[in-house]
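Notes follow once the structure below has been shown.
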Amino acid sequence: MEESLSLRPLTARSIVLSTLLGHHPPALPARALVRVGQLFGTAEGTIRTALTRMAAAGDVEQCDGAYRLTERLLARQARQDDSRAPRTRPWDGDWEIAVVTGERRAAPERAALRQAMAGLRMAELREGCWLRPANLVRRERPAVVAEQCTLLTGAPEGDPAVLAAGLWDLAAWARRARALEAALADRPGPLADRFTVSAAVLRHLLADPVLPEALLPPDWPGERLRARYEAFDRDVRALLLQHIGETAGPFGDRGI
């Protein structure tokens with residue numbers, strides 16, 4: 001299963017981050033995170049070193065005896081949660097369009113815009129021109145978008161399905177989604193393996209463009225993958241909480 005999916009092993013940082021992103025509220029004591037690391041054969045010292053480095057980098061902060069995600073990663077958690085149940089609206093054929101109209105931009109500014117557009121599930125038609133079907137409930141746009149872009153609404157003159165297929169590699173997304181579906185169906189196995197599959201599904205759902213049905217290829221696996229993942233996640237979450245339950249304390253009753 002892992003070879004066909006090319007699932008990358010989780011680093012100590014990935015273990016901590018995946019655990020906190022899946023925990024509500026996203027805060028756990030270090031000893032609970034160490035217990036999760038043990039599932040992967042990761043030494044206590046390695047997890048604690050990762051926590052120290054993540055705190056120095058501004059990824060986590062200590063509060064009331066727990067490590068919790070900072071504001072920047074809380075936004076990522078919100079996107080992750082939204083990817084599990086995207087908020088859509090009926091599509092009338094319009095597209096959201098963002099055109100870069102700012103002055104010459106430094107590389108960090110361009111990178112920040114690209115990251116923001118990915119979070120908004122928009123694709124780049126050409127340098128400085130981003131768009132997507134206007135079928136998502138209005139999302140809060142990061143300030144970098146307003147600073148660098150002019151926002152428009154419009155519709156293509158040609159076939160919108162052809163445009164969508166050129167903006168996103170839908171066939172590749174669907175192939176991996178089906179492989180992940182199969183992995184989720186193979187539920188028995190070590191908790192660490194299930195945790196790794198769970199993290200891979202969430203990363204993949206973040207990359208789903210969430211297009212209107214009219215623009216999708218036949219037998220699109222998006223909703224099936226989400227439905228199967230929800231059942232899988234409940235099982236993994238329950239097992240993980242059993243594993244860390246004695247150390248989780250009062251920091252929430254939901255795990256990854």
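Ordering of the structure tokens sets the chain letters (A, B, ...); residue numbers start at 1 within each chain; ligands are numbered from 1 in the order shown.
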
Close residues, range 87-100 of chain A itself excluded, 12 Å, only C-alpha atoms, min 6 positions apart in chain, as a CSV table (one decimal) with N, CA and C atoms, in the first residue's frame:
chain,number,residue,atom,x,y,z
A,79,ARG,N,-8.4,25.7,7.0
A,79,ARG,CA,-8.5,25.2,5.6
A,79,ARG,C,-8.6,23.7,5.5
A,81,ASP,N,-9.9,21.7,7.8
A,81,ASP,CA,-11.3,21.3,8.2
A,81,ASP,C,-12.3,21.6,7.1
A,109,GLU,N,7.1,38.4,-1.8
A,109,GLU,CA,5.7,38.9,-2.0
A,109,GLU,C,5.0,37.9,-3.0
A,110,ARG,N,5.7,37.6,-4.1
A,110,ARG,CA,5.2,36.6,-5.1
A,110,ARG,C,4.9,35.3,-4.4
A,113,LEU,N,1.7,35.5,-2.3
A,113,LEU,CA,0.5,35.5,-3.1
A,113,LEU,C,0.2,34.1,-3.6
A,114,ARG,N,1.2,33.4,-4.1
A,114,ARG,CA,1.0,32.1,-4.6
A,114,ARG,C,0.4,31.2,-3.5
A,116,ALA,N,-1.3,32.2,-0.9
A,116,ALA,CA,-2.7,32.6,-0.6
A,116,ALA,C,-3.7,32.1,-1.7
A,117,MET,N,-3.3,32.1,-2.9
A,117,MET,CA,-4.1,31.6,-4.0
A,117,MET,C,-4.4,30.1,-3.9
A,120,LEU,N,-7.1,29.6,-1.5
A,120,LEU,CA,-8.3,30.0,-2.0
A,120,LEU,C,-8.8,29.1,-3.2
A,121,ARG,N,-8.0,28.0,-3.5
A,121,ARG,CA,-8.3,27.1,-4.5
A,121,ARG,C,-8.4,27.7,-5.9
A,122,MET,N,-7.5,28.7,-6.1
A,122,MET,CA,-7.5,29.3,-7.4
A,122,MET,C,-6.3,28.8,-8.2
A,123,ALA,N,-6.4,28.8,-9.5
A,123,ALA,CA,-5.3,28.3,-10.4
A,123,ALA,C,-4.8,29.5,-11.2
A,124,GLU,N,-3.5,29.3,-11.7
A,124,GLU,CA,-2.9,30.4,-12.5
A,124,GLU,C,-3.0,30.1,-13.9
A,125,LEU,N,-3.8,30.9,-14.6
A,125,LEU,CA,-3.9,30.8,-16.1
A,125,LEU,C,-2.6,31.2,-16.8
A,126,ARG,N,-2.0,32.2,-16.4
A,126,ARG,CA,-0.7,32.7,-16.9
A,126,ARG,C,-0.2,33.6,-15.7
A,127,GLU,N,1.1,34.0,-15.9
A,127,GLU,CA,1.7,34.8,-14.9
A,127,GLU,C,0.9,36.0,-14.5
A,128,GLY,N,0.5,36.0,-13.2
A,128,GLY,CA,-0.3,37.1,-12.7
A,128,GLY,C,-1.8,37.1,-12.9
A,129,CYS,N,-2.3,36.0,-13.4
A,129,CYS,CA,-3.8,35.9,-13.7
A,129,CYS,C,-4.3,34.6,-13.0
A,130,TRP,N,-5.1,34.7,-12.0
A,130,TRP,CA,-5.6,33.6,-11.2
A,130,TRP,C,-7.1,33.5,-11.4
A,131,LEU,N,-7.7,32.3,-11.4
A,131,LEU,CA,-9.1,32.2,-11.5
A,131,LEU,C,-9.6,30.9,-11.1
A,132,ARG,N,-11.0,30.8,-10.9
A,132,ARG,CA,-11.7,29.5,-10.5
A,132,ARG,C,-13.1,29.8,-10.7
A,133,PRO,N,-13.9,28.7,-10.9
A,133,PRO,CA,-15.4,28.9,-10.9
A,133,PRO,C,-15.9,29.5,-9.6
A,134,ALA,N,-16.9,30.4,-9.7
A,134,ALA,CA,-17.4,31.0,-8.5
A,134,ALA,C,-18.5,30.2,-7.8
A,135,ASN,N,-18.1,29.0,-7.4
A,135,ASN,CA,-19.1,28.1,-6.8
A,135,ASN,C,-18.8,27.8,-5.3
A,136,LEU,N,-17.8,28.5,-4.7
A,136,LEU,CA,-17.5,28.4,-3.3
A,136,LEU,C,-18.1,29.5,-2.5
A,137,VAL,N,-18.6,29.2,-1.3
A,137,VAL,CA,-19.1,30.3,-0.5
A,137,VAL,C,-17.9,31.3,-0.2
A,138,ARG,N,-18.2,32.5,-0.2
A,138,ARG,CA,-17.2,33.6,-0.1
A,138,ARG,C,-16.2,33.3,1.0
A,139,ARG,N,-15.0,33.2,0.7
A,139,ARG,CA,-13.9,33.0,1.7
A,139,ARG,C,-13.2,34.3,2.0
A,141,ARG,N,-10.3,36.6,2.2
A,141,ARG,CA,-9.1,36.7,1.4
A,141,ARG,C,-8.0,37.3,2.2
A,144,VAL,N,-2.8,40.0,1.4
A,144,VAL,CA,-1.8,40.0,0.3
A,144,VAL,C,-2.5,40.0,-1.0
A,145,VAL,N,-3.7,39.4,-1.1
A,145,VAL,CA,-4.5,39.4,-2.4
A,145,VAL,C,-5.0,40.7,-2.7
A,146,ALA,N,-5.6,41.4,-1.8
A,146,ALA,CA,-6.0,42.8,-2.1
A,146,ALA,C,-4.9,43.8,-2.4
A,147,GLU,N,-3.7,43.5,-1.7
A,147,GLU,CA,-2.6,44.4,-1.9
A,147,GLU,C,-2.0,44.3,-3.3
A,148,GLN,N,-2.1,43.1,-3.9
A,148,GLN,CA,-1.4,42.9,-5.2
A,148,GLN,C,-2.3,42.7,-6.4
A,149,CYS,N,-3.6,42.5,-6.1
A,149,CYS,CA,-4.5,42.1,-7.2
A,149,CYS,C,-5.7,43.0,-7.3
A,150,THR,N,-6.2,43.1,-8.6
A,150,THR,CA,-7.6,43.6,-8.8
A,150,THR,C,-8.5,42.4,-9.0
A,151,LEU,N,-9.6,42.4,-8.3
A,151,LEU,CA,-10.6,41.2,-8.3
A,151,LEU,C,-11.7,41.5,-9.3
A,152,LEU,N,-12.1,40.5,-10.1
A,152,LEU,CA,-13.1,40.6,-11.1
A,152,LEU,C,-14.0,39.4,-11.1
A,153,THR,N,-15.1,39.5,-11.7
A,153,THR,CA,-16.0,38.3,-12.0
A,153,THR,C,-16.3,38.3,-13.5
A,154,GLY,N,-16.2,37.1,-14.1
A,154,GLY,CA,-16.5,37.0,-15.5
A,154,GLY,C,-16.7,35.6,-15.9
A,155,ALA,N,-16.8,35.3,-17.2
A,155,ALA,CA,-17.1,34.0,-17.7
A,155,ALA,C,-16.3,33.8,-19.0
A,156,PRO,N,-15.8,32.6,-19.2
A,156,PRO,CA,-15.0,32.4,-20.5
A,156,PRO,C,-16.0,32.2,-21.6
A,157,GLU,N,-15.5,32.6,-22.8
A,157,GLU,CA,-16.4,32.4,-24.0
A,157,GLU,C,-16.4,30.9,-24.5
A,158,GLY,N,-15.3,30.2,-24.2
A,158,GLY,CA,-15.3,28.8,-24.7
A,158,GLY,C,-15.9,27.9,-23.7
A,159,ASP,N,-15.6,26.6,-23.8
A,159,ASP,CA,-16.1,25.5,-23.0
A,159,ASP,C,-15.4,25.6,-21.6
A,160,PRO,N,-16.1,25.9,-20.5
A,160,PRO,CA,-15.5,26.0,-19.2
A,160,PRO,C,-14.9,24.7,-18.7
A,161,ALA,N,-15.4,23.6,-19.2
A,161,ALA,CA,-14.8,22.3,-18.7
A,161,ALA,C,-13.4,22.2,-19.3
A,163,LEU,N,-11.4,24.7,-20.1
A,163,LEU,CA,-10.6,25.6,-19.3
A,163,LEU,C,-10.2,25.0,-18.0
A,164,ALA,N,-11.2,24.4,-17.2
A,164,ALA,CA,-10.9,23.8,-16.0
A,164,ALA,C,-9.8,22.6,-16.1
A,209,PRO,N,-9.6,21.0,-6.2
A,209,PRO,CA,-10.1,22.3,-6.6
A,209,PRO,C,-11.6,22.6,-6.3
A,210,VAL,N,-12.3,21.5,-5.9
A,210,VAL,CA,-13.8,21.6,-5.5
A,210,VAL,C,-14.5,22.4,-6.7
A,211,LEU,N,-14.5,21.8,-7.8
A,211,LEU,CA,-15.2,22.4,-9.0
A,211,LEU,C,-16.7,22.0,-9.0
A,212,PRO,N,-17.5,22.8,-9.7
A,212,PRO,CA,-18.9,22.4,-9.9
A,212,PRO,C,-19.0,21.1,-10.7
A,213,GLU,N,-20.0,20.3,-10.4
A,213,GLU,CA,-20.1,19.0,-11.0
A,213,GLU,C,-20.1,19.1,-12.5
A,214,ALA,N,-20.6,20.1,-13.1
A,214,ALA,CA,-20.6,20.2,-14.6
A,214,ALA,C,-19.2,20.3,-15.2
A,215,LEU,N,-18.2,20.6,-14.4
A,215,LEU,CA,-16.8,20.8,-14.9
A,215,LEU,C,-15.9,19.6,-14.5

Q: Write out as a PyMOL selection string the residues lying within 12 Å of range 234-237 of chain A, counting only C-alpha atoms and excluding same-chain residues fewer than 4 positions away.
A: chain A and resi 19+22-24+36+184+187-199+227-230+241-245+253-256

Q. Please, which residues of range 58-157 of chain A, numbered as in this document, come out helix (DSSP H, G or I) from DSSP, as number ranges by chain?
A. A: 71-84, 107-119, 143-148

Q: Just give me the gap between CA of Leu74 in chain A and CA of Leu240 in chain A in Å, one decimal is fine.
A: 21.2 Å

What parts of range 121-232 of chain A does DSSP call strand (DSSP E or B)? I'd like the answer as a CSV table (one decimal) with C-alpha atoms, in the first residue's frame.
chain,number,residue,atom,x,y,z
A,123,ALA,CA,-5.3,28.3,-10.4
A,124,GLU,CA,-2.9,30.4,-12.5
A,125,LEU,CA,-3.9,30.8,-16.1
A,126,ARG,CA,-0.7,32.7,-16.9
A,129,CYS,CA,-3.8,35.9,-13.7
A,130,TRP,CA,-5.6,33.6,-11.2
A,131,LEU,CA,-9.1,32.2,-11.5
A,132,ARG,CA,-11.7,29.5,-10.5
A,133,PRO,CA,-15.4,28.9,-10.9
A,136,LEU,CA,-17.5,28.4,-3.3
A,149,CYS,CA,-4.5,42.1,-7.2
A,150,THR,CA,-7.6,43.6,-8.8
A,151,LEU,CA,-10.6,41.2,-8.3
A,152,LEU,CA,-13.1,40.6,-11.1
A,153,THR,CA,-16.0,38.3,-12.0
A,154,GLY,CA,-16.5,37.0,-15.5

Q) So how many Å separate CA of Arg203 in chain A and CA of Arg76 in chain A, to one decimal? A) 11.1 Å

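Residues in contact with Pro217 in chain A at up to 12 Å, not including ones fewer than 4 positions away on its chain and judged by only C-alpha atoms, are Ala161, Val162, Ala164, Ala165, Trp168, Asp169, Leu170, Ala171, Ala172, Trp173, Ala174, Arg175, Leu211, Pro212, Glu213, Pro221 and Gly222 of chain A.
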
Selection from above, N, CA and C atoms, as a PDB file, in the first residue's frame, can you write it?
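File produced: again-v2.pdb:
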ATOM      1  N   ALA A 161     -15.408  23.615 -19.153  1.00  0.00           N
ATOM      2  CA  ALA A 161     -14.824  22.333 -18.739  1.00  0.00           C
ATOM      3  C   ALA A 161     -13.430  22.163 -19.333  1.00  0.00           C
ATOM      4  N   VAL A 162     -13.243  22.619 -20.559  1.00  0.00           N
ATOM      5  CA  VAL A 162     -11.916  22.568 -21.177  1.00  0.00           C
ATOM      6  C   VAL A 162     -10.956  23.489 -20.430  1.00  0.00           C
ATOM      7  N   ALA A 164     -11.162  24.383 -17.249  1.00  0.00           N
ATOM      8  CA  ALA A 164     -10.868  23.773 -15.955  1.00  0.00           C
ATOM      9  C   ALA A 164      -9.847  22.648 -16.089  1.00  0.00           C
ATOM     10  N   ALA A 165      -9.984  21.833 -17.145  1.00  0.00           N
ATOM     11  CA  ALA A 165      -9.048  20.726 -17.344  1.00  0.00           C
ATOM     12  C   ALA A 165      -7.643  21.224 -17.634  1.00  0.00           C
ATOM     13  N   TRP A 168      -6.242  22.561 -13.912  1.00  0.00           N
ATOM     14  CA  TRP A 168      -5.962  21.544 -12.896  1.00  0.00           C
ATOM     15  C   TRP A 168      -5.770  20.187 -13.572  1.00  0.00           C
ATOM     16  N   ASP A 169      -4.847  19.394 -13.044  1.00  0.00           N
ATOM     17  CA  ASP A 169      -4.653  18.031 -13.546  1.00  0.00           C
ATOM     18  C   ASP A 169      -5.667  17.128 -12.844  1.00  0.00           C
ATOM     19  N   LEU A 170      -6.879  17.133 -13.342  1.00  0.00           N
ATOM     20  CA  LEU A 170      -7.978  16.418 -12.687  1.00  0.00           C
ATOM     21  C   LEU A 170      -7.785  14.910 -12.728  1.00  0.00           C
ATOM     22  N   ALA A 171      -7.229  14.405 -13.820  1.00  0.00           N
ATOM     23  CA  ALA A 171      -7.025  12.955 -13.926  1.00  0.00           C
ATOM     24  C   ALA A 171      -6.034  12.472 -12.869  1.00  0.00           C
ATOM     25  N   ALA A 172      -4.955  13.220 -12.660  1.00  0.00           N
ATOM     26  CA  ALA A 172      -3.963  12.828 -11.660  1.00  0.00           C
ATOM     27  C   ALA A 172      -4.553  12.883 -10.263  1.00  0.00           C
ATOM     28  N   TRP A 173      -5.334  13.942  -9.972  1.00  0.00           N
ATOM     29  CA  TRP A 173      -5.955  14.042  -8.642  1.00  0.00           C
ATOM     30  C   TRP A 173      -6.884  12.859  -8.407  1.00  0.00           C
ATOM     31  N   ALA A 174      -7.680  12.509  -9.418  1.00  0.00           N
ATOM     32  CA  ALA A 174      -8.634  11.410  -9.271  1.00  0.00           C
ATOM     33  C   ALA A 174      -7.921  10.074  -9.074  1.00  0.00           C
ATOM     34  N   ARG A 175      -6.818   9.854  -9.801  1.00  0.00           N
ATOM     35  CA  ARG A 175      -6.083   8.585  -9.653  1.00  0.00           C
ATOM     36  C   ARG A 175      -5.582   8.423  -8.221  1.00  0.00           C
ATOM     37  N   LEU A 211     -14.545  21.755  -7.820  1.00  0.00           N
ATOM     38  CA  LEU A 211     -15.198  22.354  -8.979  1.00  0.00           C
ATOM     39  C   LEU A 211     -16.689  22.010  -9.017  1.00  0.00           C
ATOM     40  N   PRO A 212     -17.471  22.794  -9.733  1.00  0.00           N
ATOM     41  CA  PRO A 212     -18.875  22.422  -9.948  1.00  0.00           C
ATOM     42  C   PRO A 212     -18.960  21.080 -10.674  1.00  0.00           C
ATOM     43  N   GLU A 213     -20.004  20.341 -10.417  1.00  0.00           N
ATOM     44  CA  GLU A 213     -20.150  19.008 -11.017  1.00  0.00           C
ATOM     45  C   GLU A 213     -20.062  19.063 -12.539  1.00  0.00           C
ATOM     46  N   PRO A 221     -14.078  11.128  -7.737  1.00  0.00           N
ATOM     47  CA  PRO A 221     -14.051  10.438  -6.447  1.00  0.00           C
ATOM     48  C   PRO A 221     -14.004  11.348  -5.223  1.00  0.00           C
ATOM     49  N   GLY A 222     -14.151  12.661  -5.393  1.00  0.00           N
ATOM     50  CA  GLY A 222     -13.972  13.574  -4.276  1.00  0.00           C
ATOM     51  C   GLY A 222     -14.877  13.295  -3.094  1.00  0.00           C
TER      52      GLY A 222
END
